[in-house]
$ cat model.pdb   # PDB, C-alpha atoms and all ligand atoms
ATOM      1  CA  MET C   1       0.000   0.000   0.000  1.00  0.00           C
ATOM      2  CA  ILE C   2       1.200   3.437  -0.883  1.00  0.00           C
ATOM      3  CA  SER C   3       0.977   6.410   1.492  1.00  0.00           C
ATOM      4  CA  LYS C   4      -1.479   9.215   0.772  1.00  0.00           C
ATOM      5  CA  THR C   5       1.397  11.715   0.478  1.00  0.00           C
ATOM      6  CA  MET C   6       3.233   9.579  -2.078  1.00  0.00           C
ATOM      7  CA  GLU C   7      -0.043   8.862  -3.901  1.00  0.00           C
ATOM      8  CA  ALA C   8      -0.784  12.594  -4.251  1.00  0.00           C
ATOM      9  CA  ALA C   9       2.757  13.330  -5.445  1.00  0.00           C
ATOM     10  CA  LEU C  10       2.636  10.532  -8.048  1.00  0.00           C
ATOM     11  CA  ASN C  11      -0.789  11.661  -9.265  1.00  0.00           C
ATOM     12  CA  LYS C  12       0.685  15.121  -9.793  1.00  0.00           C
ATOM     13  CA  GLN C  13       3.564  13.601 -11.770  1.00  0.00           C
ATOM     14  CA  ILE C  14       1.124  11.609 -13.965  1.00  0.00           C
ATOM     15  CA  ASN C  15      -0.489  14.953 -14.795  1.00  0.00           C
ATOM     16  CA  ARG C  16       2.887  16.590 -15.562  1.00  0.00           C
ATOM     17  CA  GLU C  17       3.882  13.714 -17.865  1.00  0.00           C
ATOM     18  CA  PHE C  18       0.605  14.102 -19.778  1.00  0.00           C
ATOM     19  CA  TYR C  19       1.284  17.850 -19.914  1.00  0.00           C
ATOM     20  CA  SER C  20       4.730  17.065 -21.379  1.00  0.00           C
ATOM     21  CA  ALA C  21       2.982  14.960 -24.045  1.00  0.00           C
ATOM     22  CA  PHE C  22       0.671  17.916 -24.814  1.00  0.00           C
ATOM     23  CA  LEU C  23       3.597  20.334 -24.935  1.00  0.00           C
ATOM     24  CA  TYR C  24       5.603  18.185 -27.356  1.00  0.00           C
ATOM     25  CA  LEU C  25       2.588  17.475 -29.548  1.00  0.00           C
ATOM     26  CA  SER C  26       1.986  21.218 -29.704  1.00  0.00           C
ATOM     27  CA  MET C  27       5.636  21.725 -30.668  1.00  0.00           C
ATOM     28  CA  SER C  28       5.158  19.050 -33.335  1.00  0.00           C
ATOM     29  CA  ALA C  29       2.154  20.959 -34.705  1.00  0.00           C
ATOM     30  CA  TYR C  30       4.257  24.151 -34.793  1.00  0.00           C
ATOM     31  CA  PHE C  31       6.969  22.379 -36.831  1.00  0.00           C
ATOM     32  CA  GLU C  32       4.302  21.222 -39.289  1.00  0.00           C
ATOM     33  CA  THR C  33       3.372  24.887 -39.873  1.00  0.00           C
ATOM     34  CA  VAL C  34       6.961  25.743 -40.893  1.00  0.00           C
ATOM     35  CA  ASN C  35       7.276  22.593 -42.986  1.00  0.00           C
ATOM     36  CA  LEU C  36       9.994  21.007 -40.851  1.00  0.00           C
ATOM     37  CA  LYS C  37       8.482  17.527 -41.094  1.00  0.00           C
ATOM     38  CA  GLY C  38      11.433  15.745 -39.468  1.00  0.00           C
ATOM     39  CA  PHE C  39      11.331  18.023 -36.445  1.00  0.00           C
ATOM     40  CA  ALA C  40       7.575  17.456 -36.294  1.00  0.00           C
ATOM     41  CA  LYS C  41       8.074  13.685 -36.381  1.00  0.00           C
ATOM     42  CA  TRP C  42      10.721  13.836 -33.616  1.00  0.00           C
ATOM     43  CA  MET C  43       8.379  15.810 -31.386  1.00  0.00           C
ATOM     44  CA  ARG C  44       5.479  13.491 -32.134  1.00  0.00           C
ATOM     45  CA  VAL C  45       7.576  10.491 -31.026  1.00  0.00           C
ATOM     46  CA  GLN C  46       8.609  12.473 -27.929  1.00  0.00           C
ATOM     47  CA  ALA C  47       4.950  13.131 -27.112  1.00  0.00           C
ATOM     48  CA  LYS C  48       4.262   9.395 -27.366  1.00  0.00           C
ATOM     49  CA  GLU C  49       7.134   8.684 -24.952  1.00  0.00           C
ATOM     50  CA  GLU C  50       5.733  11.170 -22.449  1.00  0.00           C
ATOM     51  CA  ARG C  51       2.360   9.472 -22.542  1.00  0.00           C
ATOM     52  CA  ALA C  52       4.158   6.185 -21.848  1.00  0.00           C
ATOM     53  CA  HIS C  53       5.878   7.844 -18.853  1.00  0.00           C
ATOM     54  CA  ALA C  54       2.478   8.860 -17.465  1.00  0.00           C
ATOM     55  CA  VAL C  55       1.082   5.356 -17.960  1.00  0.00           C
ATOM     56  CA  LYS C  56       4.172   3.805 -16.327  1.00  0.00           C
ATOM     57  CA  ILE C  57       3.412   5.700 -13.101  1.00  0.00           C
ATOM     58  CA  TYR C  58      -0.309   4.972 -13.532  1.00  0.00           C
ATOM     59  CA  ASP C  59       0.383   1.206 -13.733  1.00  0.00           C
ATOM     60  CA  TYR C  60       2.685   1.385 -10.728  1.00  0.00           C
ATOM     61  CA  MET C  61       0.007   3.140  -8.677  1.00  0.00           C
ATOM     62  CA  ILE C  62      -2.527   0.430  -9.562  1.00  0.00           C
ATOM     63  CA  ALA C  63      -0.031  -2.301  -8.635  1.00  0.00           C
ATOM     64  CA  ARG C  64       0.518  -0.678  -5.227  1.00  0.00           C
ATOM     65  CA  GLY C  65      -3.181  -0.265  -4.504  1.00  0.00           C
ATOM     66  CA  GLY C  66      -3.024   3.496  -4.966  1.00  0.00           C
ATOM     67  CA  ARG C  67      -5.899   5.604  -6.207  1.00  0.00           C
ATOM     68  CA  VAL C  68      -5.201   7.202  -9.569  1.00  0.00           C
ATOM     69  CA  SER C  69      -6.877  10.560  -9.964  1.00  0.00           C
ATOM     70  CA  LEU C  70      -6.557  12.208 -13.345  1.00  0.00           C
ATOM     71  CA  GLU C  71      -6.825  15.957 -13.450  1.00  0.00           C
ATOM     72  CA  ALA C  72      -7.257  18.570 -16.166  1.00  0.00           C
ATOM     73  CA  ILE C  73      -4.165  19.029 -18.294  1.00  0.00           C
ATOM     74  CA  GLU C  74      -2.877  22.569 -18.692  1.00  0.00           C
ATOM     75  CA  ALA C  75      -3.059  23.879 -22.246  1.00  0.00           C
ATOM     76  CA  PRO C  76       0.407  24.162 -23.807  1.00  0.00           C
ATOM     77  CA  LYS C  77       1.749  27.092 -25.788  1.00  0.00           C
ATOM     78  CA  VAL C  78       0.959  26.865 -29.524  1.00  0.00           C
ATOM     79  CA  LYS C  79       3.430  29.233 -31.168  1.00  0.00           C
ATOM     80  CA  TRP C  80       7.191  29.743 -31.118  1.00  0.00           C
ATOM     81  CA  ALA C  81       9.440  32.227 -32.885  1.00  0.00           C
ATOM     82  CA  SER C  82      11.899  29.697 -34.300  1.00  0.00           C
ATOM     83  CA  ALA C  83      13.219  26.127 -34.038  1.00  0.00           C
ATOM     84  CA  ASP C  84      15.904  27.098 -31.520  1.00  0.00           C
ATOM     85  CA  LYS C  85      13.260  28.682 -29.263  1.00  0.00           C
ATOM     86  CA  VAL C  86      11.303  25.414 -29.348  1.00  0.00           C
ATOM     87  CA  PHE C  87      14.328  23.371 -28.316  1.00  0.00           C
ATOM     88  CA  GLU C  88      15.424  25.934 -25.719  1.00  0.00           C
ATOM     89  CA  GLU C  89      12.014  25.434 -24.148  1.00  0.00           C
ATOM     90  CA  ALA C  90      12.126  21.638 -24.528  1.00  0.00           C
ATOM     91  CA  TYR C  91      15.543  21.515 -22.825  1.00  0.00           C
ATOM     92  CA  ALA C  92      14.405  23.849 -20.017  1.00  0.00           C
ATOM     93  CA  HIS C  93      11.275  21.727 -19.618  1.00  0.00           C
ATOM     94  CA  GLU C  94      13.298  18.527 -19.273  1.00  0.00           C
ATOM     95  CA  GLN C  95      15.523  20.163 -16.643  1.00  0.00           C
ATOM     96  CA  LYS C  96      12.368  21.108 -14.759  1.00  0.00           C
ATOM     97  CA  VAL C  97      11.063  17.519 -15.013  1.00  0.00           C
ATOM     98  CA  THR C  98      14.401  16.237 -13.672  1.00  0.00           C
ATOM     99  CA  GLY C  99      13.835  18.487 -10.642  1.00  0.00           C
ATOM    100  CA  MET C 100      10.354  16.985 -10.186  1.00  0.00           C
ATOM    101  CA  ILE C 101      11.705  13.414 -10.381  1.00  0.00           C
ATOM    102  CA  ASN C 102      14.454  14.264  -7.890  1.00  0.00           C
ATOM    103  CA  ALA C 103      11.849  15.713  -5.508  1.00  0.00           C
ATOM    104  CA  LEU C 104       9.847  12.471  -5.794  1.00  0.00           C
ATOM    105  CA  VAL C 105      12.977  10.436  -5.019  1.00  0.00           C
ATOM    106  CA  ASP C 106      13.599  12.665  -1.967  1.00  0.00           C
ATOM    107  CA  LEU C 107      10.025  12.033  -0.843  1.00  0.00           C
ATOM    108  CA  ALA C 108      10.354   8.260  -1.328  1.00  0.00           C
ATOM    109  CA  ILE C 109      13.497   8.327   0.844  1.00  0.00           C
ATOM    110  CA  LYS C 110      11.758  10.426   3.494  1.00  0.00           C
ATOM    111  CA  GLU C 111       8.805   8.032   3.519  1.00  0.00           C
ATOM    112  CA  LYS C 112      11.096   4.965   3.502  1.00  0.00           C
ATOM    113  CA  ASP C 113       9.129   3.826   0.430  1.00  0.00           C
ATOM    114  CA  HIS C 114      11.649   1.466  -1.164  1.00  0.00           C
ATOM    115  CA  ALA C 115       9.337   0.254  -3.941  1.00  0.00           C
ATOM    116  CA  THR C 116       8.633   3.798  -5.170  1.00  0.00           C
ATOM    117  CA  PHE C 117      12.321   4.633  -4.849  1.00  0.00           C
ATOM    118  CA  GLU C 118      13.134   1.643  -7.066  1.00  0.00           C
ATOM    119  CA  MET C 119      10.429   2.519  -9.635  1.00  0.00           C
ATOM    120  CA  LEU C 120      11.730   6.100  -9.825  1.00  0.00           C
ATOM    121  CA  GLN C 121      15.273   4.992 -10.667  1.00  0.00           C
ATOM    122  CA  TRP C 122      14.040   4.283 -14.214  1.00  0.00           C
ATOM    123  CA  PHE C 123      12.953   7.927 -14.455  1.00  0.00           C
ATOM    124  CA  VAL C 124      16.246   9.181 -13.008  1.00  0.00           C
ATOM    125  CA  LYS C 125      18.105   7.425 -15.852  1.00  0.00           C
ATOM    126  CA  GLU C 126      15.521   8.479 -18.438  1.00  0.00           C
ATOM    127  CA  GLN C 127      15.966  12.144 -17.496  1.00  0.00           C
ATOM    128  CA  VAL C 128      19.712  11.941 -18.238  1.00  0.00           C
ATOM    129  CA  GLU C 129      18.783  10.830 -21.768  1.00  0.00           C
ATOM    130  CA  GLU C 130      15.974  13.386 -22.133  1.00  0.00           C
ATOM    131  CA  GLU C 131      18.233  16.307 -21.185  1.00  0.00           C
ATOM    132  CA  GLU C 132      21.061  15.026 -23.376  1.00  0.00           C
ATOM    133  CA  GLN C 133      18.855  14.623 -26.462  1.00  0.00           C
ATOM    134  CA  THR C 134      17.179  18.030 -26.259  1.00  0.00           C
ATOM    135  CA  SER C 135      20.410  19.900 -25.463  1.00  0.00           C
ATOM    136  CA  GLU C 136      22.254  18.155 -28.328  1.00  0.00           C
ATOM    137  CA  ILE C 137      19.591  19.080 -30.869  1.00  0.00           C
ATOM    138  CA  LEU C 138      19.565  22.660 -29.533  1.00  0.00           C
ATOM    139  CA  ALA C 139      23.357  22.835 -30.005  1.00  0.00           C
ATOM    140  CA  GLN C 140      23.026  21.498 -33.577  1.00  0.00           C
ATOM    141  CA  ILE C 141      20.361  24.100 -34.438  1.00  0.00           C
ATOM    142  CA  LYS C 142      22.629  26.856 -33.102  1.00  0.00           C
ATOM    143  CA  ILE C 143      25.528  25.623 -35.261  1.00  0.00           C
ATOM    144  CA  LEU C 144      23.278  25.650 -38.332  1.00  0.00           C
ATOM    145  CA  GLY C 145      22.135  29.182 -37.539  1.00  0.00           C
ATOM    146  CA  ASP C 146      18.410  28.518 -37.297  1.00  0.00           C
ATOM    147  CA  VAL C 147      17.703  29.474 -40.887  1.00  0.00           C
ATOM    148  CA  ILE C 148      14.903  27.200 -42.126  1.00  0.00           C
ATOM    149  CA  GLY C 149      16.848  26.348 -45.309  1.00  0.00           C
ATOM    150  CA  HIS C 150      19.904  25.369 -43.267  1.00  0.00           C
ATOM    151  CA  LEU C 151      17.817  23.166 -41.021  1.00  0.00           C
ATOM    152  CA  PHE C 152      16.722  20.758 -43.728  1.00  0.00           C
ATOM    153  CA  PHE C 153      19.726  18.472 -43.208  1.00  0.00           C
ATOM    154  CA  LEU C 154      18.941  18.185 -39.497  1.00  0.00           C
ATOM    155  CA  ASP C 155      15.256  17.804 -40.382  1.00  0.00           C
ATOM    156  CA  HIS C 156      16.165  14.784 -42.499  1.00  0.00           C
ATOM    157  CA  GLN C 157      18.111  13.255 -39.584  1.00  0.00           C
ATOM    158  CA  LEU C 158      15.338  13.852 -37.050  1.00  0.00           C
ATOM    159  CA  ALA C 159      12.767  12.257 -39.368  1.00  0.00           C
ATOM    160  CA  LYS C 160      14.482   8.910 -38.699  1.00  0.00           C
ATOM    161  CA  ARG C 161      13.357   8.747 -35.072  1.00  0.00           C
ATOM    162  CA  GLU C 162      11.037   5.798 -34.426  1.00  0.00           C
TER
HETATM  163 FE1  LIG P 201       8.759  12.354 -19.009  1.00  0.00          FE
HETATM  164 FE2  LIG P 201      10.574  14.101 -20.875  1.00  0.00          FE
HETATM  165  O1  LIG P 201      10.221  13.381 -19.205  1.00  0.00           O
END
$ encode --input "model.pdb" --output "structure tokens"
Amino acid sequence: MISKTMEAALNKQINREFYSAFLYLSMSAYFETVNLKGFAKWMRVQAKEERAHAVKIYDYMIARGGRVSLEAIEAPKVKWASADKVFEEAYAHEQKVTGMINALVDLAIKEKDHATFEMLQWFVKEQVEEEEQTSEILAQIKILGDVIGHLFFLDHQLAKRE
């Protein structure tokens, strides 16, 4: 059985993971408007991953006899000035999510909740990858100068994400 404090914190994280899915799908829609189809595809795959993150915590809650309570998802932004602004925001968002995961780990330690601590280790590792990926793409956009024409090579690369 999971404590009420941990249950509430995990429910909040389920909501934030769904918000991340909304945010990345909105970024994908933005890339469609500027005809960067590869960027759009990358973000669409990212949105799918975020939904899987939410469901991973959801399944864990069920397994522990917790009560899942889904709440309204905040509407994401719909417009950005350029591709680098999108990835600046994606990178900043992932750093914020890392902070949330770390806070959950701190709570699991405080509550002596070993099972939740163990489950969260997957997310700790995942966040290393999430920050690395978004910061690398941001660095590549900056090298290319964020001119749509110059971004087509990168667009082609990003289209390969499955
Ligand atoms: Fe679910 Fe991008 O962290």
$ resolve_selection --input "model.pdb" --expression "the PyMOL selection byres (((chain C and resi 131) around 10) and not hetatm)" --output "list in words"
Ala90, Tyr91, Ala92, His93, Glu94, Gln95, Lys96, Val97, Thr98, Glu126, Gln127, Val128, Glu129, Glu130, Glu132, Gln133, Thr134, Ser135 and Glu136 of chain C
$ residues_around --input "model.pdb" --residues "C:Arg67" --least-positions-apart "2" --cutoff "10 Å" --atoms "only C-alpha atoms" --output "ChimeraX atom specification"
/C:2,4,7-8,11,58,61-62,64-65,69-70
$ closest_atom_pairs --input "model.pdb" --of "stretch 96-156 of chain C" --to "stretch 34-38 of chain C" --cutoff "10 Å" --atoms "all atoms listed in the file" --output "tab-separated table"
residue	atom	partner	partner_atom	distance
C:Ile148	CA	C:Leu36	CA	8.0
C:Gly149	CA	C:Leu36	CA	9.8
C:Leu151	CA	C:Leu36	CA	8.1
C:Phe152	CA	C:Leu36	CA	7.3
C:Phe153	CA	C:Gly38	CA	9.5
C:Leu154	CA	C:Gly38	CA	7.9
C:Asp155	CA	C:Gly38	CA	4.4
C:His156	CA	C:Gly38	CA	5.7
$ atom_distance --input "model.pdb" --atom1 "atom CA of C:Val105" --atom2 "atom CA of C:Leu120"
6.6 Å
$ atom_distance --input "model.pdb" --atom1 "atom CA of C:Met1" --atom2 "atom CA of C:Ala52"
23.1 Å
$ closest_residue --input "model.pdb" --among "C:Ala108, C:Ala139, C:Val147, C:Ala40" --to "C:Arg161" --atoms "only C-alpha atoms"
C:Ala40
$ resolve_selection --input "model.pdb" --expression "the PyMOL selection byres (((chain C and resi 18-28) around 8) and not hetatm)" --output "PyMOL selection string"
chain C and resi 14-17+29-32+39-44+46-51+54+73-79+86+90
$ closest_residue --input "model.pdb" --among "C:Glu89, C:Asp106, C:Asp113, C:Glu162" --to "ligand LIG 201 (chain P)" --atoms "all atoms listed in the file"
C:Glu89
$ atom_distance --input "model.pdb" --atom1 "atom CA of C:Thr116" --atom2 "atom CA of C:Ala63"
11.1 Å
